[in-house]
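For reference, the structure discussed in these notes is given below.
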Amino acid sequence: MKNVNKKTLASTLLRPLLLGGLFSLASLSYSQGSEAVISTPITLDRIIAIVDDDVILASEYRERYESVKANFDGTQQALPDDKELQRQILDQLVLESIQLQMAYRAGVRISDEQLNETLGRIAQQNRVTVAQFKTMLEKEGRSYIAVREQIRKDLLIQRVQSGNVSRRIQISDQEIENYLSSEEGRKLTAPEYRFLHALIPLASDAGQAQEIKAQEYAYALTQKVRKGAEFNKVVGDGGPYNINSSDLGWRKLDDLPDFLTESATTLDQGQVADPIRNASGFHIVQLLSKRGDGEIIPQTQARHILLKPSAIRDDKATEAEVKALRQRILNGEDFAELAREFSEDIGSASEGGDLSWTNPGQLVPEFQKAMDSTKIDGVSPAFRSQYGWHILQVLGRRDKDVTEDMRRRIAGNHLHDRKFKDELQIWLQQIRDEAYVDYK
């Protein structure tokens, strides 16, 4: 759970916890006549705060308190004094309760499938399987079920925050232009390169004969890769040399070693440079991929007609009607006019079914498959997607350099994230002020 800056929270002080209400059950003892006799109540839990239609229990507070303290163990960070820590934890629980109630009222749900995917990513980040992650938690004395449900709550809160805060944020074209012109913007949107690298080492006192031998070997390996052999397999058999090889990962030009900067700007994707000599030996490098520099993607322009099955028109009848419309187009009627009259895709019907230019993967798989297999000006057979029955017509194809679009998107996302942090604190303060909170 993300920590909320204490300065953004209401300044309500923590009330004594022992004044809370009681959840209790009377213990029952049985006489010889088997008649129940009420004995001393057993306290099961205690309400420490009422938040709108929800309550916060002492057990929830204790669990969070212990979790926070445990997370600080072994770190260099110092905990606030105990009274301040109690206040922050209680304020955090109040804010979580408010946001979870907002999620439930709005019908936001996190499915088990979504939760399992998130748990899988968390496990992967820790370089373990989900089963191993569960075992790790149990060894720490933590309940896997409790952690799983807390993650579900975290995801709900993230959804609520994203939906409510993002709509408060506006990024103008001028803001994007100004940011791209700044030093920070240029660095953030600079191209990135991914190299495979291998070094044939040479001692600093190596003679001319040794150098020539190493250079010839480096060229031989380079030629093998150029002919299609896999880089790692070629350099893996170092022969007489102890070759060090690695994937350098994604790096910007300024982060690359000096001997690679020229290769980054002159090689095309997949190409191998001539062996590069420096003080360490001969370097063999292949530009595996690059992004943010000449990003060319294929685009398709298409239009479609969509009909949706309904209570008065079942799936079979809908399919038949779409096929009838396709035949009318093949007989010479105008696709756009029929789309305006019959298509049930609200977003495109008024435009004659035009979807403009789309990128690979932008549309659902069934649509992408039909679009890829249809010739320009051709009309696809009727096909089914999750939305209903379609026919489409491909109007054109092109390769487009989207480098500038990508730079603007990166800049826009960065500005949005920066504004989101500030707007989130304002929004949290607002919903806290508007909520009914009664500390017990």
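Residues are named by chain letter and number: chains run A, B, ... in the order of the structure tokens, numbers start at 1 in each chain, and ligands are numbered from 1 in the order shown.
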
Shell of 8 Å around A:Thr300, only C-alpha atoms, local chain residues under 5 positions omitted, as a list in words: Trp357, Thr358, Asn359, Val394, Leu395, Gly396, Arg397 and Arg398 of chain A

Serialized selection, C-alpha atoms, as a tab-separated table (two decimals), in the first residue's frame:
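What ended up in again_7.tsv:
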```tsv
chain	number	residue	atom	x	y	z
A	357	TRP	CA	-5.49	4.44	-39.62
A	358	THR	CA	-4.84	1.70	-37.06
A	359	ASN	CA	-1.66	0.08	-35.76
A	394	VAL	CA	-9.67	-2.16	-46.41
A	395	LEU	CA	-9.13	1.33	-47.85
A	396	GLY	CA	-5.34	1.51	-47.74
A	397	ARG	CA	-2.05	0.42	-46.20
A	398	ARG	CA	1.10	2.37	-45.40
```

So that I can check the surroundings of A:Gly347, please list as a PDB file with all heavy atoms, in the first residue's frame every protein, DNA and RNA residue that reaches within 12 Å of it, counting only C-alpha atoms and ignoring chain neighbours fewer than 4 positions away.
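Output below, filename selection_4.pdb:
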```
ATOM      1  N   ARG A 303     -12.828   0.422 -42.930  1.00  0.00           N
ATOM      2  CA  ARG A 303     -14.148   0.795 -42.421  1.00  0.00           C
ATOM      3  C   ARG A 303     -14.958  -0.481 -42.238  1.00  0.00           C
ATOM      4  O   ARG A 303     -14.656  -1.514 -42.860  1.00  0.00           O
ATOM      5  CB  ARG A 303     -14.850   1.768 -43.365  1.00  0.00           C
ATOM      6  CG  ARG A 303     -15.005   1.295 -44.800  1.00  0.00           C
ATOM      7  CD  ARG A 303     -15.555   2.421 -45.663  1.00  0.00           C
ATOM      8  NE  ARG A 303     -15.660   2.042 -47.073  1.00  0.00           N
ATOM      9  CZ  ARG A 303     -15.990   2.900 -48.044  1.00  0.00           C
ATOM     10  NH1 ARG A 303     -16.229   4.171 -47.763  1.00  0.00           N
ATOM     11  NH2 ARG A 303     -16.063   2.492 -49.291  1.00  0.00           N
ATOM     12  N   HIS A 304     -15.946  -0.426 -41.373  1.00  0.00           N
ATOM     13  CA  HIS A 304     -16.683  -1.660 -41.083  1.00  0.00           C
ATOM     14  C   HIS A 304     -18.149  -1.369 -40.793  1.00  0.00           C
ATOM     15  O   HIS A 304     -18.555  -0.224 -40.544  1.00  0.00           O
ATOM     16  CB  HIS A 304     -16.035  -2.412 -39.907  1.00  0.00           C
ATOM     17  CG  HIS A 304     -16.436  -1.884 -38.551  1.00  0.00           C
ATOM     18  ND1 HIS A 304     -16.844  -2.710 -37.527  1.00  0.00           N
ATOM     19  CD2 HIS A 304     -16.492  -0.625 -38.065  1.00  0.00           C
ATOM     20  CE1 HIS A 304     -17.130  -1.970 -36.466  1.00  0.00           C
ATOM     21  NE2 HIS A 304     -16.917  -0.715 -36.744  1.00  0.00           N
ATOM     22  N   ILE A 305     -18.909  -2.451 -40.808  1.00  0.00           N
ATOM     23  CA  ILE A 305     -20.319  -2.427 -40.391  1.00  0.00           C
ATOM     24  C   ILE A 305     -20.458  -3.475 -39.293  1.00  0.00           C
ATOM     25  O   ILE A 305     -19.997  -4.608 -39.442  1.00  0.00           O
ATOM     26  CB  ILE A 305     -21.274  -2.741 -41.554  1.00  0.00           C
ATOM     27  CG1 ILE A 305     -21.189  -1.640 -42.624  1.00  0.00           C
ATOM     28  CG2 ILE A 305     -22.712  -2.907 -41.061  1.00  0.00           C
ATOM     29  CD1 ILE A 305     -21.983  -1.946 -43.884  1.00  0.00           C
ATOM     30  N   LEU A 306     -21.057  -3.081 -38.192  1.00  0.00           N
ATOM     31  CA  LEU A 306     -21.242  -3.972 -37.052  1.00  0.00           C
ATOM     32  C   LEU A 306     -22.734  -4.129 -36.760  1.00  0.00           C
ATOM     33  O   LEU A 306     -23.466  -3.138 -36.672  1.00  0.00           O
ATOM     34  CB  LEU A 306     -20.562  -3.395 -35.803  1.00  0.00           C
ATOM     35  CG  LEU A 306     -20.931  -4.039 -34.461  1.00  0.00           C
ATOM     36  CD1 LEU A 306     -20.406  -5.482 -34.409  1.00  0.00           C
ATOM     37  CD2 LEU A 306     -20.384  -3.225 -33.300  1.00  0.00           C
ATOM     38  N   ALA A 339     -23.195   1.697 -44.014  1.00  0.00           N
ATOM     39  CA  ALA A 339     -22.681   1.784 -42.638  1.00  0.00           C
ATOM     40  C   ALA A 339     -23.432   2.843 -41.854  1.00  0.00           C
ATOM     41  O   ALA A 339     -23.790   2.632 -40.685  1.00  0.00           O
ATOM     42  CB  ALA A 339     -21.181   2.082 -42.662  1.00  0.00           C
ATOM     43  N   ARG A 340     -23.677   3.994 -42.460  1.00  0.00           N
ATOM     44  CA  ARG A 340     -24.422   5.056 -41.762  1.00  0.00           C
ATOM     45  C   ARG A 340     -25.833   4.605 -41.408  1.00  0.00           C
ATOM     46  O   ARG A 340     -26.366   4.963 -40.359  1.00  0.00           O
ATOM     47  CB  ARG A 340     -24.473   6.311 -42.630  1.00  0.00           C
ATOM     48  CG  ARG A 340     -23.132   7.011 -42.815  1.00  0.00           C
ATOM     49  CD  ARG A 340     -23.280   8.345 -43.540  1.00  0.00           C
ATOM     50  NE  ARG A 340     -21.975   8.938 -43.795  1.00  0.00           N
ATOM     51  CZ  ARG A 340     -21.310   8.806 -44.933  1.00  0.00           C
ATOM     52  NH1 ARG A 340     -21.850   8.115 -45.945  1.00  0.00           N
ATOM     53  NH2 ARG A 340     -20.128   9.368 -45.094  1.00  0.00           N
ATOM     54  N   SER A 343     -25.007   0.257 -39.412  1.00  0.00           N
ATOM     55  CA  SER A 343     -23.992  -0.119 -38.429  1.00  0.00           C
ATOM     56  C   SER A 343     -24.398   0.297 -37.016  1.00  0.00           C
ATOM     57  O   SER A 343     -24.915   1.395 -36.793  1.00  0.00           O
ATOM     58  CB  SER A 343     -22.641   0.505 -38.774  1.00  0.00           C
ATOM     59  OG  SER A 343     -21.655   0.093 -37.835  1.00  0.00           O
ATOM     60  N   GLU A 351     -19.459   8.199 -39.502  1.00  0.00           N
ATOM     61  CA  GLU A 351     -18.339   8.441 -40.420  1.00  0.00           C
ATOM     62  C   GLU A 351     -18.306   7.417 -41.544  1.00  0.00           C
ATOM     63  O   GLU A 351     -17.278   7.220 -42.187  1.00  0.00           O
ATOM     64  CB  GLU A 351     -17.013   8.398 -39.647  1.00  0.00           C
ATOM     65  CG  GLU A 351     -16.911   9.378 -38.493  1.00  0.00           C
ATOM     66  CD  GLU A 351     -17.013  10.820 -38.955  1.00  0.00           C
ATOM     67  OE1 GLU A 351     -16.499  11.116 -40.066  1.00  0.00           O
ATOM     68  OE2 GLU A 351     -17.604  11.638 -38.228  1.00  0.00           O
ATOM     69  N   GLY A 352     -19.418   6.742 -41.770  1.00  0.00           N
ATOM     70  CA  GLY A 352     -19.466   5.732 -42.816  1.00  0.00           C
ATOM     71  C   GLY A 352     -18.690   4.479 -42.454  1.00  0.00           C
ATOM     72  O   GLY A 352     -18.242   3.742 -43.334  1.00  0.00           O
ATOM     73  N   GLY A 353     -18.524   4.246 -41.147  1.00  0.00           N
ATOM     74  CA  GLY A 353     -17.808   3.061 -40.681  1.00  0.00           C
ATOM     75  C   GLY A 353     -16.299   3.221 -40.632  1.00  0.00           C
ATOM     76  O   GLY A 353     -15.588   2.274 -40.278  1.00  0.00           O
ATOM     77  N   ASP A 354     -15.781   4.417 -40.974  1.00  0.00           N
ATOM     78  CA  ASP A 354     -14.337   4.626 -41.077  1.00  0.00           C
ATOM     79  C   ASP A 354     -13.668   4.550 -39.703  1.00  0.00           C
ATOM     80  O   ASP A 354     -14.049   5.252 -38.764  1.00  0.00           O
ATOM     81  CB  ASP A 354     -14.058   5.992 -41.706  1.00  0.00           C
ATOM     82  CG  ASP A 354     -12.593   6.165 -42.076  1.00  0.00           C
ATOM     83  OD1 ASP A 354     -11.819   5.213 -41.904  1.00  0.00           O
ATOM     84  OD2 ASP A 354     -12.237   7.266 -42.542  1.00  0.00           O
ATOM     85  N   LEU A 355     -12.639   3.703 -39.590  1.00  0.00           N
ATOM     86  CA  LEU A 355     -11.868   3.551 -38.357  1.00  0.00           C
ATOM     87  C   LEU A 355     -10.539   4.282 -38.417  1.00  0.00           C
ATOM     88  O   LEU A 355      -9.721   4.163 -37.499  1.00  0.00           O
ATOM     89  CB  LEU A 355     -11.619   2.064 -38.079  1.00  0.00           C
ATOM     90  CG  LEU A 355     -12.874   1.214 -37.855  1.00  0.00           C
ATOM     91  CD1 LEU A 355     -12.499  -0.260 -37.785  1.00  0.00           C
ATOM     92  CD2 LEU A 355     -13.594   1.645 -36.595  1.00  0.00           C
ATOM     93  N   SER A 356     -10.317   5.032 -39.506  1.00  0.00           N
ATOM     94  CA  SER A 356      -9.069   5.761 -39.720  1.00  0.00           C
ATOM     95  C   SER A 356      -7.893   4.778 -39.765  1.00  0.00           C
ATOM     96  O   SER A 356      -8.080   3.590 -39.984  1.00  0.00           O
ATOM     97  CB  SER A 356      -8.870   6.831 -38.646  1.00  0.00           C
ATOM     98  OG  SER A 356      -7.799   7.693 -39.003  1.00  0.00           O
TER      99      SER A 356
END
```

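With distances restricted to only C-alpha atoms, A:Asp45 is the closest residue to A:Arg62 from A:Asp345, A:Glu96, A:Glu434, A:Asp45.
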
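With atom CA of A:Ala106 on one side and atom CA of A:Asp54 on the other, the separation reads 15.8 Å.
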
Mind dumping a table of every stretch 140-212 of chain A residue within 7 Å of stretch 410-415 of chain A, with the nearest atom pair and its distance in Å to one decimal, using only C-alpha atoms, sorted by chain and rising number, as a tab-separated table?
```
residue	atom	partner	partner_atom	distance
A:Ile171	CA	A:Gly412	CA	6.9
A:Ile176	CA	A:Gly412	CA	6.1
A:Tyr179	CA	A:Ala411	CA	6.9
A:Leu180	CA	A:Ala411	CA	6.8
A:Gly185	CA	A:Ala411	CA	6.9
A:Thr189	CA	A:Ile410	CA	6.7
```

For A:Asn278, the nearest of the candidates A:Ala49, A:Leu155, A:Leu260, A:Ile98, counting only C-alpha atoms: A:Leu260

Who sits within 7 Å of A:Glu344, only C-alpha atoms, same chain under 5 positions skipped, as an NGL selection string: :A and (306-308 or 349)

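Shortest atom-to-atom contact with A:Phe420 among A:Ala311, A:Gln215, A:Gly163, A:Arg127: A:Gly163, counting only C-alpha atoms.
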
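With only C-alpha atoms as the atoms that count, the residue of A:Glu423, A:Gln132, A:Gly281, A:Ile47 with the shortest distance to A:Gln170 is A:Glu423.
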
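Among the candidates A:Glu117, A:Glu140, A:Asp268, A:Asp112, the one nearest to A:Ala70 when counting only C-alpha atoms is A:Glu140.
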
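Each of A:Thr118, A:Gln271, A:Thr265, A:Gln286 was compared to A:Glu192 using only C-alpha atoms, and A:Thr265 turns out to be the nearest.
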
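Within 10 Å of A:Tyr241, once only C-alpha atoms are used and residues closer than 6 positions along the same chain are dropped, the contacting residues are Leu199, Ile200, Pro201, Leu202, Ala214, Tyr217 and Val235 of chain A.
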
Per-residue DSSP, stretch 144-214 of chain A, filtered to strand (DSSP E or B), as a ChimeraX atom specification: /A:192-201

With C-alpha atoms retained, could you export that selection as a PDB file, in the first residue's frame?
```pdb
ATOM      1  CA  GLU A 192      17.398   3.739 -26.902  1.00  0.00           C
ATOM      2  CA  TYR A 193      19.558   0.925 -28.248  1.00  0.00           C
ATOM      3  CA  ARG A 194      19.968  -2.720 -27.283  1.00  0.00           C
ATOM      4  CA  PHE A 195      23.278  -4.376 -28.111  1.00  0.00           C
ATOM      5  CA  LEU A 196      24.629  -7.885 -27.854  1.00  0.00           C
ATOM      6  CA  HIS A 197      28.307  -7.642 -26.980  1.00  0.00           C
ATOM      7  CA  ALA A 198      31.309  -9.951 -26.826  1.00  0.00           C
ATOM      8  CA  LEU A 199      34.935  -9.216 -26.001  1.00  0.00           C
ATOM      9  CA  ILE A 200      37.952 -11.120 -27.222  1.00  0.00           C
ATOM     10  CA  PRO A 201      40.462 -10.020 -24.580  1.00  0.00           C
TER      11      PRO A 201
END
```

Per-residue DSSP, stretch 217-272 of chain A, filtered to helix (DSSP H, G or I), as an MDAnalysis selection string: chainID A and resid 217:226 231:236 253:255 258:266

Any chance you can output those residues with N, CA and C atoms as a CSV table (one decimal), in the first residue's frame?
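selection_31.csv, written as the output of this step:
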```csv
chain,number,residue,atom,x,y,z
A,217,TYR,N,40.3,-13.8,-35.8
A,217,TYR,CA,39.3,-14.6,-35.1
A,217,TYR,C,38.0,-13.8,-34.9
A,218,ALA,N,38.1,-12.6,-34.5
A,218,ALA,CA,37.0,-11.7,-34.4
A,218,ALA,C,36.2,-11.5,-35.7
A,219,TYR,N,36.9,-11.3,-36.8
A,219,TYR,CA,36.3,-11.2,-38.1
A,219,TYR,C,35.6,-12.5,-38.5
A,220,ALA,N,36.2,-13.6,-38.2
A,220,ALA,CA,35.5,-14.9,-38.5
A,220,ALA,C,34.2,-15.0,-37.8
A,221,LEU,N,34.2,-14.7,-36.5
A,221,LEU,CA,32.9,-14.7,-35.7
A,221,LEU,C,31.9,-13.8,-36.3
A,222,THR,N,32.4,-12.6,-36.6
A,222,THR,CA,31.5,-11.5,-37.2
A,222,THR,C,30.8,-12.0,-38.5
A,223,GLN,N,31.6,-12.7,-39.3
A,223,GLN,CA,31.0,-13.1,-40.6
A,223,GLN,C,30.0,-14.2,-40.4
A,224,LYS,N,30.2,-15.1,-39.4
A,224,LYS,CA,29.2,-16.1,-39.1
A,224,LYS,C,27.8,-15.5,-38.7
A,225,VAL,N,27.9,-14.5,-37.8
A,225,VAL,CA,26.7,-13.8,-37.4
A,225,VAL,C,26.0,-13.1,-38.6
A,226,ARG,N,26.8,-12.5,-39.4
A,226,ARG,CA,26.2,-11.8,-40.6
A,226,ARG,C,25.5,-12.8,-41.6
A,231,PHE,N,24.0,-15.1,-32.5
A,231,PHE,CA,25.2,-14.4,-31.9
A,231,PHE,C,25.7,-15.2,-30.7
A,232,ASN,N,24.8,-15.5,-29.7
A,232,ASN,CA,25.3,-16.1,-28.5
A,232,ASN,C,25.9,-17.5,-28.7
A,233,LYS,N,25.4,-18.2,-29.8
A,233,LYS,CA,26.0,-19.5,-30.1
A,233,LYS,C,27.4,-19.4,-30.7
A,234,VAL,N,27.5,-18.3,-31.5
A,234,VAL,CA,28.8,-18.1,-32.2
A,234,VAL,C,29.9,-17.8,-31.2
A,235,VAL,N,29.6,-16.8,-30.3
A,235,VAL,CA,30.6,-16.4,-29.4
A,235,VAL,C,30.7,-17.3,-28.2
A,236,GLY,N,29.7,-18.2,-28.0
A,236,GLY,CA,29.8,-19.1,-26.9
A,236,GLY,C,30.9,-20.1,-27.0
A,253,LEU,N,21.9,6.8,-25.8
A,253,LEU,CA,23.2,7.0,-26.4
A,253,LEU,C,24.3,7.4,-25.4
A,254,ASP,N,23.9,8.3,-24.4
A,254,ASP,CA,24.8,8.9,-23.4
A,254,ASP,C,25.2,7.8,-22.4
A,255,ASP,N,24.5,6.7,-22.4
A,255,ASP,CA,24.8,5.6,-21.4
A,255,ASP,C,25.6,4.5,-22.0
A,258,ASP,N,31.9,4.5,-24.9
A,258,ASP,CA,32.3,5.4,-26.1
A,258,ASP,C,32.5,4.6,-27.4
A,259,PHE,N,33.0,3.4,-27.3
A,259,PHE,CA,33.3,2.6,-28.5
A,259,PHE,C,32.0,2.1,-29.2
A,260,LEU,N,30.8,2.3,-28.6
A,260,LEU,CA,29.6,1.8,-29.2
A,260,LEU,C,28.8,3.0,-29.8
A,261,THR,N,29.1,4.2,-29.5
A,261,THR,CA,28.2,5.3,-29.9
A,261,THR,C,28.1,5.4,-31.4
A,262,GLU,N,29.2,5.2,-32.1
A,262,GLU,CA,29.2,5.3,-33.6
A,262,GLU,C,28.3,4.1,-34.1
A,263,SER,N,28.5,2.9,-33.6
A,263,SER,CA,27.7,1.8,-34.1
A,263,SER,C,26.2,2.0,-33.9
A,264,ALA,N,25.8,2.7,-32.8
A,264,ALA,CA,24.4,2.9,-32.5
A,264,ALA,C,23.8,3.8,-33.5
A,265,THR,N,24.5,4.7,-34.0
A,265,THR,CA,23.9,5.7,-35.0
A,265,THR,C,24.1,5.3,-36.5
A,266,THR,N,25.0,4.2,-36.7
A,266,THR,CA,25.2,3.9,-38.1
A,266,THR,C,24.6,2.5,-38.5
```

Distance query A:Ala320 at most 12 Å, only C-alpha atoms, self and fewer than 3 positions along chain excluded, as a ChimeraX atom specification: /A:307-309,313-317,323-327,381-384,389-391

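Put simply, atom CA of A:Ile48 is 10.9 Å away from atom CA of A:Leu93.
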